[in-house]
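What follows is one structure encoded as C-alpha cells, with my remarks underneath.
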Amino acid sequence: MADAPYTPPKVWKWEAASGGAFANINRPIAGPTHDKALPVGEHPLQLYSLATPNGVKVTILLEELLAAGHSGAEYDAWLIRINEGDQFGSGFVEVNPNSKIPALVDRSQETPIRVFESGSILLYLADKFGAFIPQDLPGRTECLSWLFWQMGAGPLLGGGFGHFYAYAPEKFEYAINRYAMEAKRQLDVLNRRLGENQFMAGDAYTIADMAIWPWYGALVLNQVYGAAEFLDAPSYTHVMRWAREIAERPAVRRGRMVNRTFGDPAEQLHERHDASDFELRTQDKLQAAGGGNA
C-alpha cells in the first residue's frame with residue numbers, strides 16, 4: 001500500500017532528524033552548541049573552512065593573490081569539520097553567527113575584521129588587494145552581477161539538485177526532476193554567456209569565475225554529485241571549455257587541496273600555514289611519515 005499523502009501540520013515542530021547526509025548537523029536553531037576557541041596562526045589572514053565548493057572559492061582566490069605577488073595575502077587555513085559540528089563552536093559562531101563555512105578574520109588591522117559568507121569574503125579580498133575585480137564601473141558591475149548570480153543560484157544547485165540527487169535518504173522523482181530542470185537552465189545561462197566571452201565578466205579572469213567554477217565547473221567535470229552524465233554536461237560546450245581552462249591554473253589546483261578531507265590523499269591538505277605545505281604536509285606524506293591526520 002502506498003504511503004498516505006503528507007499533510008503539513010499547522011505548526012511545524014522539530015521532532016526527528018531529517019535523514020540522509022548531514023542530518024546530524026541540521027537543526028532549526030542558531031547559536032553555539034559548545035565552547036571552543038578558534039586557533040590563530042601567524043599570518044594576517046585566518047581562514048576557517050572546509051573544501052566544499054563555497055570553501056574552495058576563497059582558497060582559490062587566496063592562492064591566486066599569492067601567485068600574483070600579493071604577499072599580504074599569506075594565510076593560515078584551519079580545518080572546520082562540519083560533519084563533527086565544529087561550526088557550532090563558540091569561537092566559530094563569533095566569527096560567523098550563521099555557522100557556515102567559510103569564515104575569515106583579517107588581523108592585519110588594529111581591530112580584527114571578521115568576514116563571513118563566501119561572496120562577501122571574495123569581494124572583501126578583491127577590494128583589499130585591488131585584484132581580480134575590474135576597476136572601471138561597467139566592468140566591476142558586470143563582475144558583481146555574476147558573483148551575486150552565483151550566490152542566488154547556488155542553493156538551488158546544492159541544496160536542491162545536489163541534495164535530492166546525491167544526499168537524500170530516498171530518491172524522489174518529483175524533486176529530482178524539479179531541480180534537474182533548474183540545474184540545466186542555469187548551465188544554459190552560463191553556456192550562452194561563455195559562448196560570447198572567455199570568462200564570466202568578459203575578457204578578464206575575476207572573482208566571478210572563482211565563485212562559479214567550484215560549483216558549476218566542478219559539476220560538469222564530474223567532481224561534485226557524480227551527475228555529469230545525468231545532466232548531459234558535455235552538451236554545454238562553452239562551460240566545458242571554461243571549466244577545463246580554469247582547472248589547469250596552478251593556483252586553482254592548490255586552492256582545491258586546502259582543507260580537503262576526501263578523495264586522493266595526495267590532494268588533501270587539511271591545514272595550510274605555508275606554501276611549502278603543498279609539498280610536505282599533504283595527507284599521503286603525513287600518512288607515509290606516520291603522522292596521521294593534521
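Chains: A, B, ... in order of the C-alpha cells. Residues: from 1 per chain. Ligands: from 1, in order shown.
Excluding stretch 123-137 of chain A and any residue on its chain fewer than 4 positions from it, the residues at most 7 Å away by only C-alpha atoms are Gly119, Thr141, Cys143, Tyr205, Thr206 and Ile207 of chain A.
Summary of the local environment: counting only C-alpha atoms, residues at most 8 Å from A:Gln46, other than itself and those fewer than 3 positions away along its chain, are A:Val40, A:Gly41, A:His43, A:Tyr75, A:Asp76, A:Ala77, A:Trp78, A:Leu104, A:Val105, A:Asp106, A:Arg107.
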Export all heavy atoms of the chosen residues as a tab-separated table (two decimals), in the first residue's frame?
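Contents of result_31.tsv, freshly written:
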chain	number	residue	atom	x	y	z
A	40	VAL	N	44.68	30.44	16.11
A	40	VAL	CA	45.15	31.62	15.38
A	40	VAL	C	46.61	31.38	15.01
A	40	VAL	O	47.43	31.04	15.86
A	40	VAL	CB	45.05	32.91	16.23
A	40	VAL	CG1	45.62	34.09	15.46
A	40	VAL	CG2	43.59	33.17	16.62
A	41	GLY	N	46.92	31.53	13.72
A	41	GLY	CA	48.28	31.37	13.24
A	41	GLY	C	49.01	32.69	13.13
A	41	GLY	O	48.57	33.71	13.67
A	43	HIS	N	49.85	34.43	10.28
A	43	HIS	CA	49.63	35.28	9.12
A	43	HIS	C	48.50	36.29	9.36
A	43	HIS	O	47.68	36.11	10.27
A	43	HIS	CB	49.33	34.42	7.90
A	43	HIS	CG	50.47	33.55	7.50
A	43	HIS	ND1	51.73	34.03	7.23
A	43	HIS	CD2	50.55	32.19	7.33
A	43	HIS	CE1	52.53	33.03	6.90
A	43	HIS	NE2	51.84	31.91	6.96
A	75	TYR	N	48.19	33.34	4.40
A	75	TYR	CA	47.07	32.97	5.27
A	75	TYR	C	47.32	31.64	5.96
A	75	TYR	O	48.10	30.81	5.50
A	75	TYR	CB	45.78	32.90	4.46
A	75	TYR	CG	45.72	31.77	3.45
A	75	TYR	CD1	44.94	30.63	3.68
A	75	TYR	CD2	46.41	31.83	2.23
A	75	TYR	CE1	44.86	29.59	2.75
A	75	TYR	CE2	46.33	30.81	1.30
A	75	TYR	CZ	45.56	29.69	1.56
A	75	TYR	OH	45.49	28.67	0.65
A	76	ASP	N	46.64	31.48	7.08
A	76	ASP	CA	46.52	30.19	7.74
A	76	ASP	C	45.12	29.66	7.47
A	76	ASP	O	44.13	30.38	7.67
A	76	ASP	CB	46.70	30.34	9.26
A	76	ASP	CG	48.11	30.73	9.65
A	76	ASP	OD1	48.98	29.84	9.67
A	76	ASP	OD2	48.33	31.92	9.94
A	77	ALA	N	45.02	28.43	7.01
A	77	ALA	CA	43.72	27.81	6.76
A	77	ALA	C	43.52	26.68	7.76
A	77	ALA	O	44.27	25.70	7.77
A	77	ALA	CB	43.65	27.27	5.33
A	78	TRP	N	42.52	26.86	8.61
A	78	TRP	CA	42.21	25.89	9.66
A	78	TRP	C	41.00	25.07	9.25
A	78	TRP	O	40.03	25.60	8.71
A	78	TRP	CB	41.92	26.61	10.97
A	78	TRP	CG	43.04	27.49	11.43
A	78	TRP	CD1	43.20	28.83	11.21
A	78	TRP	CD2	44.19	27.09	12.19
A	78	TRP	NE1	44.36	29.29	11.79
A	78	TRP	CE2	44.99	28.24	12.40
A	78	TRP	CE3	44.62	25.87	12.73
A	78	TRP	CZ2	46.18	28.21	13.12
A	78	TRP	CZ3	45.80	25.83	13.44
A	78	TRP	CH2	46.57	26.99	13.64
A	104	LEU	N	36.35	34.17	7.71
A	104	LEU	CA	37.68	34.78	7.64
A	104	LEU	C	37.83	35.84	8.71
A	104	LEU	O	36.87	36.57	9.01
A	104	LEU	CB	37.87	35.42	6.26
A	104	LEU	CG	39.20	36.15	6.00
A	104	LEU	CD1	40.32	35.15	5.73
A	104	LEU	CD2	39.06	37.10	4.81
A	105	VAL	N	39.02	35.91	9.30
A	105	VAL	CA	39.37	37.03	10.19
A	105	VAL	C	40.63	37.68	9.63
A	105	VAL	O	41.65	37.02	9.43
A	105	VAL	CB	39.60	36.56	11.64
A	105	VAL	CG1	39.99	37.76	12.51
A	105	VAL	CG2	38.34	35.90	12.20
A	106	ASP	N	40.53	38.98	9.37
A	106	ASP	CA	41.68	39.76	8.91
A	106	ASP	C	42.29	40.44	10.12
A	106	ASP	O	41.71	41.37	10.69
A	106	ASP	CB	41.22	40.78	7.87
A	106	ASP	CG	42.38	41.59	7.30
A	106	ASP	OD1	43.53	41.43	7.77
A	106	ASP	OD2	42.13	42.39	6.38
A	107	ARG	N	43.47	39.99	10.50
A	107	ARG	CA	44.16	40.52	11.68
A	107	ARG	C	45.26	41.51	11.29
A	107	ARG	O	46.12	41.84	12.12
A	107	ARG	CB	44.73	39.37	12.52
A	107	ARG	CG	43.64	38.50	13.12
A	107	ARG	CD	44.18	37.36	13.97
A	107	ARG	NE	43.10	36.66	14.66
A	107	ARG	CZ	42.59	37.02	15.84
A	107	ARG	NH1	43.10	38.07	16.47
A	107	ARG	NH2	41.59	36.34	16.38
- Query: Excluding same-chain residues fewer than 2 positions from stretch 284-290 of chain A, what lies within 7 Å of it counting only C-alpha atoms, as a ChimeraX atom specification?
  - Reply: /A:265-266,280-282,292
Sorted by chain and rising residue number, which residues of stretch 158-201 of chain A lie within 7 Å of stretch 211-231 of chain A, and what are their closest atom pairs and distances in Å to one decimal, counting only C-alpha atoms, as CSV?
residue,atom,partner,partner_atom,distance
A:Gly162,CA,A:Tyr225,CA,6.1
A:Ala166,CA,A:Tyr225,CA,5.7
A:Lys184,CA,A:Leu231,CA,6.8
Output for the residues just chosen: C-alpha atoms as an mmCIF file, in the first residue's frame:
data_model
loop_
_atom_site.group_PDB
_atom_site.id
_atom_site.type_symbol
_atom_site.label_atom_id
_atom_site.label_comp_id
_atom_site.auth_asym_id
_atom_site.auth_seq_id
_atom_site.Cartn_x
_atom_site.Cartn_y
_atom_site.Cartn_z
ATOM 1 C CA GLY A 162 22.634 18.056 -5.184
ATOM 2 C CA ALA A 166 23.060 12.634 -4.202
ATOM 3 C CA LYS A 184 20.185 22.571 -16.626
#
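Going from atom CA of A:Arg254 over to atom CA of A:Ala51, you cover 11.4 Å.
Distance annotation: of A:Glu182, A:Glu196, A:Glu267, A:Glu15, the residue with the minimal separation from A:Ala153 is A:Glu182; atom set is only C-alpha atoms.
Between A:Pro169 and the residues A:Ala16, A:Ala23, A:Met257, A:Leu62, the shortest atom-to-atom distance, using only C-alpha atoms, involves A:Ala23.
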- Item | Contacts of A:Lys100 within 8 Å, only C-alpha atoms, excl. fewer than 2 positions in-chain, as an MDAnalysis selection string | chainID A and resid 87 96 98 102:103 117
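Here atom CA of A:Leu50 stands at a distance of 5.7 Å from atom CA of A:Ile80.
As for atom CA of A:Pro39 and atom CA of A:Met151, they are spaced 28.3 Å apart.
Nearest residue to A:Gly255 among A:Pro53, A:Gly202, A:Gly69, A:Gly91 is A:Pro53, counting only C-alpha atoms.
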- Residues near stretch 93-95 of chain A, cut-off 10 Å, only C-alpha atoms, skip fewer than 4 positions along chain, as a list in words: Ala30, Gly31, Pro32, Thr33, Asp35, Lys36, Ala37, Leu38, Tyr48, Asp86, Gln87, Phe88, Gly89, Ser99, Lys100, Pro102, Ala103, Leu104, Val105, Ile113, Arg114, Val115 and Phe116 of chain A
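With only C-alpha atoms as the basis for measurement, A:His34 is the residue among A:Lys10, A:Lys57, A:Arg192, A:His34 that approaches A:Gly85 most closely.
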- Task: Per DSSP on the backbone, filter stretch 134-280 of chain A down to the residues in alpha helix (DSSP H) and report them as a VMD selection string.
- Result: chain A and resid 137 to 155 173 to 194 207 to 212 218 to 220 237 to 247 250 to 257 277 to 280
- Task: List every residue of stretch 29-83 of chain A that DSSP, applied to the backbone of this structure, places in strand (DSSP E or B), and write the result as a ChimeraX atom specification.
- Result: /A:34,45-49,75-79
Go ahead and write the selection's residues with all heavy atoms as a short mmCIF file (atom, residue, chain, number, x, y, z; two decimals), in the first residue's frame.
data_model
loop_
_atom_site.label_atom_id
_atom_site.label_comp_id
_atom_site.auth_asym_id
_atom_site.auth_seq_id
_atom_site.Cartn_x
_atom_site.Cartn_y
_atom_site.Cartn_z
N HIS A 34 28.67 24.42 21.90
CA HIS A 34 29.74 24.10 22.85
C HIS A 34 30.79 25.21 22.81
O HIS A 34 30.84 26.00 21.85
CB HIS A 34 30.39 22.75 22.51
CG HIS A 34 30.97 22.69 21.14
ND1 HIS A 34 30.21 22.53 19.99
CD2 HIS A 34 32.26 22.78 20.70
CE1 HIS A 34 30.99 22.50 18.92
NE2 HIS A 34 32.24 22.66 19.33
N LEU A 45 45.84 36.83 7.61
CA LEU A 45 44.53 36.30 7.29
C LEU A 45 44.36 34.91 7.89
O LEU A 45 45.18 34.02 7.67
CB LEU A 45 44.34 36.24 5.77
CG LEU A 45 44.44 37.59 5.05
CD1 LEU A 45 44.36 37.39 3.54
CD2 LEU A 45 43.35 38.55 5.51
N GLN A 46 43.28 34.74 8.63
CA GLN A 46 42.96 33.46 9.27
C GLN A 46 41.66 32.94 8.66
O GLN A 46 40.60 33.56 8.81
CB GLN A 46 42.80 33.63 10.77
CG GLN A 46 44.06 34.14 11.47
CD GLN A 46 45.20 33.13 11.40
OE1 GLN A 46 45.05 31.99 11.84
NE2 GLN A 46 46.33 33.55 10.85
N LEU A 47 41.75 31.80 7.99
CA LEU A 47 40.60 31.22 7.31
C LEU A 47 40.17 29.96 8.05
O LEU A 47 41.01 29.12 8.40
CB LEU A 47 40.96 30.87 5.86
CG LEU A 47 39.84 30.22 5.04
CD1 LEU A 47 38.71 31.20 4.78
CD2 LEU A 47 40.41 29.69 3.72
N TYR A 48 38.88 29.83 8.26
CA TYR A 48 38.30 28.67 8.94
C TYR A 48 37.30 28.06 7.96
O TYR A 48 36.26 28.67 7.65
CB TYR A 48 37.63 29.10 10.24
CG TYR A 48 38.58 29.86 11.14
CD1 TYR A 48 38.63 31.26 11.12
CD2 TYR A 48 39.47 29.19 11.97
CE1 TYR A 48 39.53 31.95 11.92
CE2 TYR A 48 40.36 29.86 12.78
CZ TYR A 48 40.40 31.24 12.76
OH TYR A 48 41.30 31.93 13.55
N SER A 49 37.63 26.85 7.47
CA SER A 49 36.88 26.39 6.30
C SER A 49 36.97 24.90 6.11
O SER A 49 37.56 24.15 6.89
CB SER A 49 37.40 27.14 5.05
OG SER A 49 36.56 26.95 3.96
N TYR A 75 48.19 33.34 4.40
CA TYR A 75 47.07 32.97 5.27
C TYR A 75 47.32 31.64 5.96
O TYR A 75 48.10 30.81 5.50
CB TYR A 75 45.78 32.90 4.46
CG TYR A 75 45.72 31.77 3.45
CD1 TYR A 75 44.94 30.63 3.68
CD2 TYR A 75 46.41 31.83 2.23
CE1 TYR A 75 44.86 29.59 2.75
CE2 TYR A 75 46.33 30.81 1.30
CZ TYR A 75 45.56 29.69 1.56
OH TYR A 75 45.49 28.67 0.65
N ASP A 76 46.64 31.48 7.08
CA ASP A 76 46.52 30.19 7.74
C ASP A 76 45.12 29.66 7.47
O ASP A 76 44.13 30.38 7.67
CB ASP A 76 46.70 30.34 9.26
CG ASP A 76 48.11 30.73 9.65
OD1 ASP A 76 48.98 29.84 9.67
OD2 ASP A 76 48.33 31.92 9.94
N ALA A 77 45.02 28.43 7.01
CA ALA A 77 43.72 27.81 6.76
C ALA A 77 43.52 26.68 7.76
O ALA A 77 44.27 25.70 7.77
CB ALA A 77 43.65 27.27 5.33
N TRP A 78 42.52 26.86 8.61
CA TRP A 78 42.21 25.89 9.66
C TRP A 78 41.00 25.07 9.25
O TRP A 78 40.03 25.60 8.71
CB TRP A 78 41.92 26.61 10.97
CG TRP A 78 43.04 27.49 11.43
CD1 TRP A 78 43.20 28.83 11.21
CD2 TRP A 78 44.19 27.09 12.19
NE1 TRP A 78 44.36 29.29 11.79
CE2 TRP A 78 44.99 28.24 12.40
CE3 TRP A 78 44.62 25.87 12.73
CZ2 TRP A 78 46.18 28.21 13.12
CZ3 TRP A 78 45.80 25.83 13.44
CH2 TRP A 78 46.57 26.99 13.64
N LEU A 79 41.06 23.78 9.53
CA LEU A 79 40.01 22.86 9.11
C LEU A 79 38.81 22.93 10.05
O LEU A 79 38.95 22.80 11.27
CB LEU A 79 40.57 21.44 9.06
CG LEU A 79 39.61 20.33 8.64
CD1 LEU A 79 39.09 20.57 7.23
CD2 LEU A 79 40.31 18.97 8.74
#
